[in-house]
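Engineer: Please find data39.txt (compact mmCIF, C-alpha atoms and all ligand atoms) on the next line:
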```
# COMPACT_ATOMS: atom_id res chain seq x y z
CA MET A 1437 90.25 90.51 78.05
CA THR A 1438 87.29 92.81 78.60
CA PRO A 1439 88.20 96.45 79.27
CA GLY A 1440 86.79 96.60 82.77
CA GLY A 1441 87.62 93.12 83.92
CA GLY A 1442 89.99 90.21 84.07
CA PRO A 1443 90.03 87.40 81.53
CA ASP A 1444 86.54 85.94 81.92
CA PHE A 1445 84.95 88.76 83.73
CA PRO A 1446 82.64 91.41 82.33
CA ALA A 1447 82.93 95.05 83.28
CA GLU A 1448 79.47 94.99 84.81
CA ARG A 1449 79.33 92.32 87.44
CA ALA A 1450 75.65 91.53 87.15
CA THR A 1451 75.73 90.39 83.56
CA ALA A 1452 76.71 87.54 81.36
CA VAL A 1453 78.37 84.75 83.29
CA ALA A 1454 75.33 82.53 83.84
CA GLN A 1455 73.59 83.63 80.67
CA LEU A 1456 73.27 81.39 77.68
CA GLY A 1457 73.52 83.89 74.88
CA THR A 1458 70.95 86.40 76.06
CA SER A 1459 68.88 83.97 78.09
CA PRO A 1460 67.76 84.35 80.80
CA ARG A 1461 67.36 88.05 80.13
CA ARG A 1462 68.82 90.00 83.03
CA THR A 1463 68.51 93.63 83.94
CA LEU A 1464 69.72 95.67 86.85
CA TYR A 1465 67.22 97.47 89.06
CA ARG A 1466 66.74 101.02 87.76
CA GLY A 1467 63.74 102.20 89.80
CA ARG A 1468 63.72 104.71 92.64
CA ASN A 1469 63.53 102.58 95.76
CA PRO A 1470 67.03 102.05 97.17
CA LYS A 1471 65.78 99.15 99.31
CA ARG A 1472 65.28 97.21 96.09
CA ALA A 1473 68.90 97.61 95.06
CA ALA A 1474 70.56 94.22 95.56
CA THR A 1475 74.10 95.27 94.68
CA ILE A 1476 76.19 98.40 94.19
CA GLU A 1477 75.68 97.86 90.45
CA ASP A 1478 71.93 98.42 90.94
CA LEU A 1479 72.60 101.73 92.72
CA ARG A 1480 74.93 102.58 89.89
CA ALA A 1481 72.23 101.85 87.31
CA MET A 1482 69.77 103.99 89.28
CA ALA A 1483 72.29 106.85 89.37
CA HIS A 1484 72.88 106.52 85.63
CA ARG A 1485 69.21 106.95 85.05
CA ARG A 1486 68.93 110.10 87.15
CA LEU A 1487 72.13 112.00 86.32
CA PRO A 1488 72.84 114.05 83.20
CA ARG A 1489 75.84 113.03 81.15
CA PHE A 1490 78.23 115.72 82.36
CA ALA A 1491 77.70 114.80 86.02
CA LEU A 1492 77.91 111.10 85.18
CA GLU A 1493 81.19 111.57 83.36
CA TYR A 1494 82.57 113.45 86.35
CA LEU A 1495 81.48 110.63 88.65
CA GLU A 1496 82.65 107.69 86.58
CA ALA A 1497 85.55 108.88 84.46
CA GLY A 1498 89.13 107.82 84.89
CA ALA A 1499 92.18 109.51 83.45
CA GLY A 1500 93.54 108.88 79.96
CA ASP A 1501 92.75 105.45 78.57
CA GLU A 1502 91.08 104.56 81.88
CA ALA A 1503 93.54 101.71 82.28
CA ALA A 1504 94.12 102.52 85.95
CA LEU A 1505 90.36 102.62 86.54
CA ALA A 1506 89.91 99.20 84.91
CA GLY A 1507 93.01 97.91 86.71
CA ASN A 1508 91.56 98.77 90.12
CA LEU A 1509 88.60 96.47 89.46
CA ALA A 1510 90.73 93.78 87.81
CA ALA A 1511 93.03 93.63 90.86
CA PHE A 1512 90.14 92.27 92.92
CA TYR A 1513 89.18 89.71 90.27
CA ARG A 1514 92.61 88.09 90.52
CA TRP A 1515 92.03 86.89 94.07
CA ARG A 1516 89.82 83.88 94.84
CA PHE A 1517 88.63 82.73 98.24
CA LEU A 1518 89.84 79.61 99.98
CA PRO A 1519 87.23 78.69 102.62
CA ARG A 1520 87.67 76.67 105.81
CA ALA A 1521 85.16 73.85 106.32
CA LEU A 1522 83.16 72.98 109.43
CA VAL A 1523 83.67 76.21 111.31
CA ASP A 1524 81.04 77.52 113.72
CA VAL A 1525 80.08 80.89 112.24
CA ARG A 1526 76.92 81.57 114.26
CA GLN A 1527 78.47 84.59 115.98
CA ARG A 1528 80.13 86.79 113.40
CA ASP A 1529 81.97 90.04 113.95
CA LEU A 1530 82.73 92.55 111.23
CA GLY A 1531 83.86 95.13 113.78
CA ARG A 1532 87.38 96.58 113.76
CA THR A 1533 89.24 99.03 115.90
CA LEU A 1534 90.83 101.94 114.09
CA PHE A 1535 92.63 104.66 116.04
CA GLY A 1536 91.09 103.38 119.23
CA ARG A 1537 87.51 103.50 117.93
CA ARG A 1538 85.44 100.44 117.22
CA LEU A 1539 83.93 100.58 113.73
CA PRO A 1540 80.99 98.29 112.90
CA LEU A 1541 82.80 97.42 109.70
CA PRO A 1542 86.22 98.45 108.38
CA LEU A 1543 84.98 101.03 105.92
CA LEU A 1544 85.08 104.79 105.47
CA VAL A 1545 83.34 107.02 103.01
CA ALA A 1546 86.17 108.44 100.88
CA PRO A 1547 86.65 112.15 100.28
CA THR A 1548 85.09 113.23 97.00
CA GLY A 1549 84.81 116.77 95.70
CA LEU A 1550 81.97 118.48 93.85
CA ASN A 1551 79.32 116.17 95.25
CA GLY A 1552 76.80 118.97 94.90
CA VAL A 1553 76.47 118.22 91.18
CA PHE A 1554 74.98 114.85 92.07
CA ARG A 1555 72.36 116.22 94.45
CA LYS A 1556 71.79 119.33 96.54
CA ASP A 1557 73.59 119.10 99.91
CA ALA A 1558 75.15 115.77 98.91
CA ASP A 1559 78.01 116.17 101.41
CA ARG A 1560 75.54 116.52 104.25
CA LEU A 1561 73.58 113.53 102.98
CA LEU A 1562 76.73 111.42 102.75
CA ALA A 1563 77.61 112.46 106.29
CA LEU A 1564 74.11 111.60 107.55
CA GLY A 1565 74.25 108.16 105.91
CA ALA A 1566 77.74 107.47 107.24
CA ALA A 1567 76.73 108.59 110.76
CA ARG A 1568 73.68 106.34 110.68
CA MET A 1569 75.84 103.37 109.70
CA GLY A 1570 78.55 104.25 112.25
CA VAL A 1571 81.37 104.70 109.75
CA PRO A 1572 83.58 107.76 109.28
CA PHE A 1573 82.95 110.26 106.52
CA ALA A 1574 85.99 111.99 105.06
CA GLN A 1575 84.96 115.37 103.75
CA SER A 1576 86.88 116.77 100.79
CA THR A 1577 88.44 120.21 100.63
CA MET A 1578 86.41 120.52 97.41
CA SER A 1579 83.09 119.71 99.09
CA ASN A 1580 80.09 121.91 98.39
CA ASN A 1581 78.81 121.96 101.96
CA SER A 1582 81.16 123.68 104.39
CA ILE A 1583 83.25 121.95 107.05
CA GLU A 1584 81.08 123.53 109.75
CA ASP A 1585 77.87 122.47 108.05
CA VAL A 1586 78.96 118.82 107.88
CA ALA A 1587 80.34 118.96 111.44
CA ALA A 1588 76.80 119.64 112.68
CA THR A 1589 75.78 116.06 111.74
CA ALA A 1590 74.87 114.24 114.95
CA GLY A 1591 76.99 111.21 115.80
CA LEU A 1592 79.38 111.67 112.86
CA HIS A 1593 83.00 110.50 112.81
CA HIS A 1594 84.12 113.48 110.80
CA TRP A 1595 87.43 113.37 108.95
CA PHE A 1596 88.76 116.12 106.71
CA GLN A 1597 90.77 115.72 103.52
CA LEU A 1598 93.23 118.47 102.80
CA TYR A 1599 94.47 119.74 99.46
CA VAL A 1600 97.52 121.89 99.83
CA ILE A 1601 96.65 125.14 98.06
CA ASP A 1602 98.64 128.34 97.66
CA PRO A 1603 98.97 130.90 99.09
CA PRO A 1604 99.72 129.02 102.33
CA GLU A 1605 97.09 131.04 104.25
CA ILE A 1606 94.42 129.01 102.45
CA THR A 1607 95.82 125.68 103.62
CA ASP A 1608 96.35 127.10 107.08
CA ASP A 1609 92.78 128.32 107.24
CA LEU A 1610 91.44 124.91 106.19
CA ILE A 1611 93.47 123.17 108.91
CA THR A 1612 92.29 125.66 111.54
CA ARG A 1613 88.66 125.22 110.52
CA ALA A 1614 88.92 121.41 110.48
CA GLU A 1615 90.41 121.51 113.97
CA SER A 1616 87.78 123.91 115.32
CA ALA A 1617 85.01 121.84 113.76
CA GLY A 1618 86.23 118.81 115.73
CA CYS A 1619 87.45 116.68 112.82
CA GLU A 1620 88.99 113.50 114.20
CA ALA A 1621 91.55 113.01 111.47
CA LEU A 1622 93.20 114.92 108.64
CA ILE A 1623 93.97 113.20 105.34
CA VAL A 1624 96.61 114.87 103.20
CA THR A 1625 96.04 113.86 99.58
CA THR A 1626 99.26 113.75 97.59
CA ASP A 1627 98.26 112.47 94.17
CA ALA A 1628 96.20 115.33 92.78
CA GLN A 1629 98.38 118.42 93.14
CA THR A 1630 98.67 118.23 89.35
CA PHE A 1631 95.33 117.54 87.75
CA GLY A 1632 94.96 114.36 85.64
CA LYS A 1633 93.70 114.35 82.07
CA ARG A 1634 90.06 113.28 81.90
CA SER A 1635 89.35 113.36 78.20
CA TRP A 1636 85.61 112.83 78.46
CA ASP A 1637 85.28 115.82 80.68
CA ILE A 1638 87.18 117.92 78.15
CA ARG A 1639 85.03 116.74 75.22
CA GLY A 1640 81.86 117.84 76.99
CA ARG A 1641 82.91 121.52 76.98
CA VAL A 1642 83.39 124.20 74.38
CA LYS A 1643 85.59 126.13 76.81
CA PRO A 1644 86.86 124.94 80.21
CA SER A 1645 83.94 126.65 81.94
CA ILE A 1646 81.21 126.21 79.30
CA LEU A 1647 79.42 122.93 78.58
CA THR A 1648 78.58 122.02 74.99
CA LEU A 1649 75.02 122.68 73.86
CA ARG A 1650 74.48 118.93 73.74
CA GLU A 1651 75.41 118.59 77.42
CA VAL A 1652 73.23 121.54 78.39
CA ILE A 1653 70.21 120.09 76.57
CA ASP A 1654 70.86 116.69 78.10
CA ALA A 1655 70.97 118.28 81.57
CA GLY A 1656 67.72 120.12 80.87
CA LEU A 1657 66.03 116.85 79.95
CA HIS A 1658 66.97 115.33 83.31
CA VAL A 1659 64.17 116.99 85.20
CA ARG A 1660 64.43 114.78 88.26
CA TRP A 1661 68.12 115.70 88.51
CA TRP A 1662 67.88 119.49 88.16
CA SER A 1663 64.80 119.79 90.34
CA THR A 1664 66.60 118.06 93.23
CA THR A 1665 70.04 119.49 92.54
CA LEU A 1666 69.89 122.98 91.08
CA LEU A 1667 66.73 124.32 92.72
CA PRO A 1668 66.61 126.78 94.33
CA ARG A 1669 70.24 127.90 94.33
CA GLY A 1670 71.63 126.87 90.92
CA LEU A 1671 75.01 125.19 90.55
CA PRO A 1672 76.76 124.50 93.86
CA ARG A 1673 79.80 126.43 95.16
CA PHE A 1674 82.95 125.29 96.90
CA ALA A 1675 81.89 126.32 100.37
CA ASN A 1676 85.30 125.87 102.05
CA LEU A 1677 87.16 128.02 99.56
CA GLN A 1678 84.62 130.54 98.37
CA ARG A 1679 86.08 133.40 100.41
CA TRP A 1680 89.43 133.03 98.60
CA PHE A 1681 88.20 133.18 95.01
CA PRO A 1682 88.68 136.45 93.09
CA LYS A 1683 85.49 138.34 92.19
CA ASP A 1684 85.50 137.17 88.56
CA LYS A 1685 86.08 133.52 89.54
CA GLN A 1686 83.11 132.91 91.79
CA GLY A 1687 81.20 130.53 89.48
CA LEU A 1688 81.51 126.76 89.94
CA PHE A 1689 83.64 125.99 86.90
CA GLU A 1690 85.76 129.16 87.09
CA SER A 1691 86.54 128.56 90.75
CA ALA A 1692 87.37 124.89 90.07
CA PHE A 1693 89.94 125.98 87.48
CA TRP A 1694 91.27 128.70 89.77
CA THR A 1695 91.82 126.07 92.49
CA ARG A 1696 93.55 123.75 90.03
CA ASP A 1697 95.94 126.58 89.15
CA HIS A 1698 96.66 127.24 92.82
CA MET A 1699 97.49 123.72 93.94
CA ASP A 1700 100.98 123.62 95.47
CA VAL A 1701 102.84 121.48 92.95
CA GLY A 1702 105.92 121.84 95.15
CA LEU A 1703 104.28 119.81 97.94
CA ASP A 1704 106.97 117.54 99.37
CA TRP A 1705 107.87 115.63 102.52
CA ASP A 1706 109.11 118.79 104.26
CA ARG A 1707 105.75 120.50 103.79
CA ALA A 1708 104.01 117.29 104.90
CA ALA A 1709 106.18 117.34 108.05
CA ARG A 1710 105.11 120.93 108.76
CA ILE A 1711 101.46 119.91 108.42
CA ARG A 1712 102.19 117.06 110.82
CA ASP A 1713 103.55 119.53 113.37
CA ARG A 1714 100.59 121.82 112.91
CA TRP A 1715 97.79 119.21 113.17
CA PRO A 1716 97.25 117.82 116.68
CA ARG A 1717 95.06 114.81 115.90
CA LYS A 1718 95.35 111.76 113.63
CA LEU A 1719 97.08 112.43 110.34
CA LEU A 1720 96.99 110.17 107.29
CA ILE A 1721 98.74 110.52 103.95
CA LYS A 1722 96.67 109.47 100.95
CA GLY A 1723 97.81 108.57 97.47
CA LEU A 1724 100.83 106.43 98.31
CA LEU A 1725 101.62 103.23 96.41
CA THR A 1726 105.19 102.17 97.14
CA ALA A 1727 106.42 100.42 100.27
CA GLU A 1728 109.17 103.08 100.49
CA ASP A 1729 106.68 105.96 100.60
CA VAL A 1730 104.52 104.21 103.17
CA ALA A 1731 107.59 103.64 105.37
CA ARG A 1732 108.52 107.29 104.87
CA ALA A 1733 105.06 108.42 105.95
CA GLN A 1734 105.45 106.33 109.09
CA ALA A 1735 108.89 107.80 109.76
CA ALA A 1736 107.50 111.33 109.18
CA GLY A 1737 105.09 110.85 112.06
CA ALA A 1738 101.89 110.13 110.13
CA ASP A 1739 99.41 107.99 112.04
CA GLY A 1740 98.42 106.02 108.96
CA ALA A 1741 98.64 105.81 105.18
CA ILE A 1742 96.08 105.34 102.45
CA LEU A 1743 97.15 103.33 99.43
CA SER A 1744 95.26 104.93 96.57
CA ASN A 1745 95.47 106.01 92.95
CA HIS A 1746 92.55 108.43 93.31
CA GLY A 1747 90.11 105.95 91.80
CA GLY A 1748 92.09 105.89 88.53
CA ARG A 1749 91.43 109.60 87.96
CA GLN A 1750 94.95 110.98 88.07
CA LEU A 1751 97.98 109.09 86.68
CA ASP A 1752 96.74 106.60 84.12
CA TRP A 1753 98.31 103.13 83.90
CA VAL A 1754 99.36 103.39 87.52
CA ALA A 1755 99.45 100.23 89.64
CA ALA A 1756 96.31 99.15 91.51
CA PRO A 1757 96.53 99.95 95.25
CA LEU A 1758 95.36 96.45 96.20
CA ASP A 1759 98.35 94.93 94.39
CA MET A 1760 100.75 97.11 96.39
CA LEU A 1761 99.20 96.28 99.75
CA PRO A 1762 101.19 93.16 100.75
CA ALA A 1763 104.55 94.90 100.15
CA ALA A 1764 103.40 98.02 101.97
CA ARG A 1765 102.24 95.97 104.95
CA ALA A 1766 105.55 94.09 105.03
CA ALA A 1767 107.39 97.44 105.07
CA VAL A 1768 105.60 98.96 108.07
CA GLY A 1769 104.67 95.92 110.15
CA ALA A 1770 101.39 95.06 111.82
CA GLY A 1771 100.88 98.09 114.05
CA PHE A 1772 100.72 100.90 111.48
CA PRO A 1773 97.22 101.64 110.10
CA LEU A 1774 97.14 101.01 106.36
CA LEU A 1775 93.99 101.81 104.46
CA VAL A 1776 93.34 101.09 100.81
CA ASP A 1777 90.90 102.31 98.18
CA GLY A 1778 90.09 101.93 94.50
CA GLY A 1779 87.61 99.52 92.96
CA VAL A 1780 85.73 98.37 96.06
CA ARG A 1781 82.27 97.49 94.78
CA SER A 1782 81.24 94.54 96.96
CA GLY A 1783 81.55 93.17 100.47
CA GLY A 1784 83.77 90.42 99.06
CA ASP A 1785 86.20 93.13 97.93
CA ILE A 1786 86.40 94.43 101.51
CA VAL A 1787 87.16 90.92 102.76
CA LYS A 1788 89.93 90.53 100.17
CA ALA A 1789 91.52 93.85 101.10
CA ILE A 1790 91.52 93.00 104.81
CA ALA A 1791 92.92 89.52 104.13
CA LEU A 1792 95.77 91.16 102.19
CA GLY A 1793 96.69 93.37 105.14
CA ALA A 1794 94.49 96.47 105.07
CA ASP A 1795 93.05 97.85 108.31
CA ALA A 1796 90.09 99.31 106.43
CA VAL A 1797 88.94 100.34 102.97
CA LEU A 1798 87.62 103.62 101.64
CA VAL A 1799 84.80 103.69 99.14
CA GLY A 1800 84.41 106.55 96.68
CA ARG A 1801 82.03 105.79 93.86
CA ALA A 1802 79.88 103.23 95.73
CA PRO A 1803 78.28 105.74 98.16
CA LEU A 1804 78.19 108.35 95.40
CA TYR A 1805 75.95 106.02 93.37
CA GLY A 1806 73.80 105.87 96.50
CA VAL A 1807 73.58 109.61 97.10
CA ALA A 1808 73.03 110.33 93.40
CA SER A 1809 70.23 107.80 93.10
CA ALA A 1810 68.38 108.23 96.40
CA GLY A 1811 70.04 110.75 98.74
CA GLU A 1812 70.68 109.72 102.36
CA ALA A 1813 68.67 106.50 101.94
CA GLY A 1814 70.87 105.60 98.97
CA VAL A 1815 74.06 106.15 101.00
CA ILE A 1816 72.70 103.96 103.79
CA ARG A 1817 71.75 101.30 101.27
CA ALA A 1818 75.22 101.33 99.67
CA ILE A 1819 76.88 100.77 103.05
CA GLU A 1820 74.28 98.16 104.06
CA ILE A 1821 74.90 96.21 100.85
CA LEU A 1822 78.65 96.25 101.42
CA ARG A 1823 78.24 95.29 105.09
CA ASP A 1824 75.81 92.45 104.43
CA GLU A 1825 77.90 91.05 101.59
CA ALA A 1826 81.01 91.17 103.76
CA ASP A 1827 79.16 89.37 106.54
CA LEU A 1828 77.90 86.69 104.16
CA THR A 1829 81.37 86.26 102.70
CA LEU A 1830 82.78 85.67 106.20
CA ALA A 1831 80.08 83.07 106.91
CA LEU A 1832 80.72 81.19 103.69
CA LEU A 1833 84.46 81.51 104.12
CA GLY A 1834 84.38 79.84 107.52
CA CYS A 1835 85.90 82.85 109.29
CA ALA A 1836 83.75 84.25 112.07
CA ARG A 1837 85.73 87.42 112.75
CA ILE A 1838 87.03 89.88 110.21
CA ASP A 1839 90.01 90.41 112.53
CA ALA A 1840 90.97 86.76 111.95
CA LEU A 1841 91.32 87.10 108.18
CA ASP A 1842 94.71 86.68 106.59
CA ARG A 1843 96.33 85.87 103.28
CA ARG A 1844 95.66 82.14 103.76
CA PHE A 1845 91.98 82.72 102.97
CA LEU A 1846 92.94 83.77 99.43
CA VAL A 1847 94.55 82.19 96.44
CA GLU A 1848 95.82 84.18 93.47
CA GLU A 1849 94.45 83.06 90.14
CA PRO A 1850 97.20 81.64 88.00
CA GLY A 1851 98.05 84.48 85.55
C1 LIG B 1 83.83 111.96 91.89
C2 LIG B 1 85.09 111.76 92.68
C3 LIG B 1 85.68 112.86 93.30
C4 LIG B 1 86.85 112.68 94.06
N1 LIG B 1 87.37 113.76 94.74
C5 LIG B 1 88.40 113.57 95.60
C6 LIG B 1 88.85 114.63 96.44
O1 LIG B 1 88.31 115.73 96.41
N2 LIG B 1 89.88 114.37 97.28
C7 LIG B 1 90.49 113.14 97.36
O2 LIG B 1 91.42 112.95 98.14
N3 LIG B 1 90.06 112.12 96.59
C8 LIG B 1 89.04 112.30 95.72
N4 LIG B 1 88.58 111.24 94.98
C9 LIG B 1 89.20 109.91 95.16
C10 LIG B 1 88.53 109.12 96.28
O3 LIG B 1 88.84 109.66 97.54
C11 LIG B 1 88.97 107.65 96.28
O4 LIG B 1 90.38 107.59 96.33
C12 LIG B 1 88.48 106.87 95.07
O5 LIG B 1 87.19 107.28 94.68
C13 LIG B 1 88.46 105.37 95.38
O6 LIG B 1 88.08 104.64 94.28
P1 LIG B 1 86.57 104.10 94.02
O7 LIG B 1 85.81 105.28 93.48
O8 LIG B 1 86.79 103.04 92.99
O9 LIG B 1 86.03 103.61 95.33
C14 LIG B 1 87.44 111.39 94.18
C15 LIG B 1 86.84 110.31 93.54
C16 LIG B 1 85.68 110.48 92.81
C17 LIG B 1 85.04 109.27 92.16
```
Transcribe the structure of this file into C-alpha cells.
Ligand SMILES: Cc1cc2nc3c(=O)[nH]c(=O)nc-3n(C[C@H](O)[C@H](O)[C@H](O)COP(=O)(O)O)c2cc1C
Structural biologist:
Amino acid sequence: MTPGGGPDFPAERATAVAQLGTSPRRTLYRGRNPKRAATIEDLRAMAHRRLPRFALEYLEAGAGDEAALAGNLAAFYRWRFLPRALVDVRQRDLGRTLFGRRLPLPLLVAPTGLNGVFRKDADRLLALGAARMGVPFAQSTMSNNSIEDVAATAGLHHWFQLYVIDPPEITDDLITRAESAGCEALIVTTDAQTFGKRSWDIRGRVKPSILTLREVIDAGLHVRWWSTTLLPRGLPRFANLQRWFPKDKQGLFESAFWTRDHMDVGLDWDRAARIRDRWPRKLLIKGLLTAEDVARAQAAGADGAILSNHGGRQLDWVAAPLDMLPAARAAVGAGFPLLVDGGVRSGGDIVKAIALGADAVLVGRAPLYGVASAGEAGVIRAIEILRDEADLTLALLGCARIDALDRRFLVEEPG
C-alpha cells in the first residue's frame, strides 16, 4: 500500500498507472498560467514551485504520522462508480439548494487560517474567486484579512468560522463582528481547541517563533513568493484578533502561539448551546465524526453539521469523514444539512460525497493551491476544475442531476 493511497493507487493522482516503467514520461504542469492547469494536482505542483518550504509544510502537513491525511484520500479511492446506460444527459444540473439558496455546485471554500503566508491578501482573493464562481467562502477566525475587509467583496456568500477563545469577550466580539458584517452562517469548529502535533512544522524552527536558518535561506531564495507576499508589509497579522494580543505578542508567530494558549479547551455542548442562542442566523458545527454527535448537534438547534477531521491536521489516525457519512445521514434523516470535507481533490470526489449522503463538500487545500499559485485566477481555476470534472462525471455516470445521485451509483471496492 502506498502511503497516500489505496492498494494500487499512487499518492499523486497524475502519475504511474498508465506508465510502462517510466514511459511515457509524464509531468504535471508547473508554469504560471492557471488556465493550463488540467487538474488540482497541476495547481498543487505550481504552488509547490512558488512557495518556500515553511509555507508549504504549513499548507500540506498533517498531524503525527499523517495517517489521517492519507486516510482522507484513501477513503475516496475505495468507492467506484456504477453508471446507468442509455440515459439522456443533454441537460445537466449541478445546482443544489442549501439553506434556501441555490448554489451552482454543492461546494464551499473551507475556512483556513494564516492564508497570508501563501500570498498577500489571500483571504480577499479566495473570497473574490468564490464570489465569481457563486460558492460560499467560509472565512477563518485566523484569517489575515479582517472580517470587514472580506465582507466588502461584491456578491459574496460570506460565512464565518469561529474558534472559541478566552477570555469570552474575544469570542463575543468575533460573533458581533460577523453578525454586523452580514455573514450568512457561523461555523463553530470543535476539533482544534487543542492544537495537533505537526512534526514537520516543529522541525523547521529553532524556537517556536524562529525559523531555522535553512528555512530562512530557502524563503529568501523564493523571490516570486516574497515579492508577492511580504512586500510591502512583511509577515501578515491576524487581523480579527490583533487588538487582543499583548504588546510583546504582536508578531505573527508570537500571536499564533498566544492564540493557541487561549483556546477554550473546556468548550462543550453547553457553550455551543449558548453560541446557538447568541447567533441569529445559520449555525453549523464543524469537526464532528460520529452519528451520535451529529444527532446531538441537530438536537442542540444547529442548522447543519460538517463532518471533518480538519484535513488530517489535528488527531492523527482518526477516521475519514467520508467513511462516517452514511451512518451520520442515517442518524439525522434527509432534511438536516450535512456537509463533509477532507481529501476532496477532484469533481469525482464531490460526486461520491453527494452520492453517500452529503448536501455539499468543503474544500481546503484545493483552493489554497490555486491562491498560492496564481491568486484570484488560481482560485477560480480550482473551482472550475472541480465543477467541470463533476459535470463530466455526471454525464458519464448517466445521472443528469446531482440531486438525483444516491448510493446506488457507487460500489465499494472489495477490501
Ligand atoms: C492550511 C490550512 C489551514 C486550516 N485552518 C483552519 C481554520 O482556521 N479553521 C478551521 O475550521 N479549519 C481549518 N482548516 C481545515 C479546513 O477547514 C478543512 O477542514 C480541511 O482543509 C479539509 O481538508 P482538505 O484540505 O483535504 O480539503 C485548515 C486546513 C488547512 C489545509
Engineer: Restricting the calculation to only C-alpha atoms and all ligand atoms: of A:Ala1511, A:Met1482, A:Ile1638, A:Ala1770, which residue gets closest to ligand LIG 1 (chain B)?
Structural biologist: A:Ala1511
Engineer: Just how far from atom CA of Arg1555 of chain A is atom CA of Thr1626 of chain A, in Å to one decimal?
Structural biologist: 27.2 Å
Engineer: Would you list the residues near (96.8, 107.5, 104.6), meaning any protein, DNA or RNA residue with an atom at most 8 Å from that point in file coordinates, counting all atoms listed in the file, as a list in words?
Structural biologist: Ile1623, Val1624, Leu1719, Leu1720, Ile1721, Lys1722, Gly1723, Leu1724, Ala1738, Asp1739, Gly1740, Ala1741, Ile1742, Leu1743, Leu1774 and Leu1775 of chain A
Engineer: Is it possible to get the residues within 10 Å of (79.7, 110.9, 109.6) (coordinates as in the file, counting only C-alpha atoms) written as a ChimeraX atom specification?
Structural biologist: /A:1544-1545,1559-1575,1586-1595
Engineer: Per residue of chain A within 6 Å of ligand LIG 1 (chain B), what are the shortest atom pair and its distance in Å to one decimal, counting all atoms listed in the file, with rows by chain and residue number, as CSV?
Structural biologist:
```
residue,atom,partner,partner_atom,distance
A:Tyr1494,CA,B:LIG1,C1,5.9
A:Leu1495,CA,B:LIG1,C1,4.2
A:Ala1546,CA,B:LIG1,O3,4.4
A:Pro1547,CA,B:LIG1,O3,4.3
A:Thr1548,CA,B:LIG1,N1,3.3
A:Gly1549,CA,B:LIG1,O1,3.7
A:Ser1576,CA,B:LIG1,O1,4.7
A:Met1578,CA,B:LIG1,O1,5.2
A:Thr1625,CA,B:LIG1,O2,4.9
A:Ser1744,CA,B:LIG1,O4,5.6
A:His1746,CA,B:LIG1,O4,3.8
A:Gly1747,CA,B:LIG1,O6,3.5
A:Asp1777,CA,B:LIG1,C13,4.8
A:Gly1778,CA,B:LIG1,O6,3.4
A:Gly1779,CA,B:LIG1,O8,3.6
A:Val1780,CA,B:LIG1,O9,5.3
A:Val1799,CA,B:LIG1,O9,4.0
A:Gly1800,CA,B:LIG1,O5,3.5
A:Arg1801,CA,B:LIG1,O7,3.8
```
Engineer: What does the distance from atom CA of Gly1737 of chain A to atom CA of Asn1508 of chain A come to in Å, to one decimal?
Structural biologist: 28.5 Å
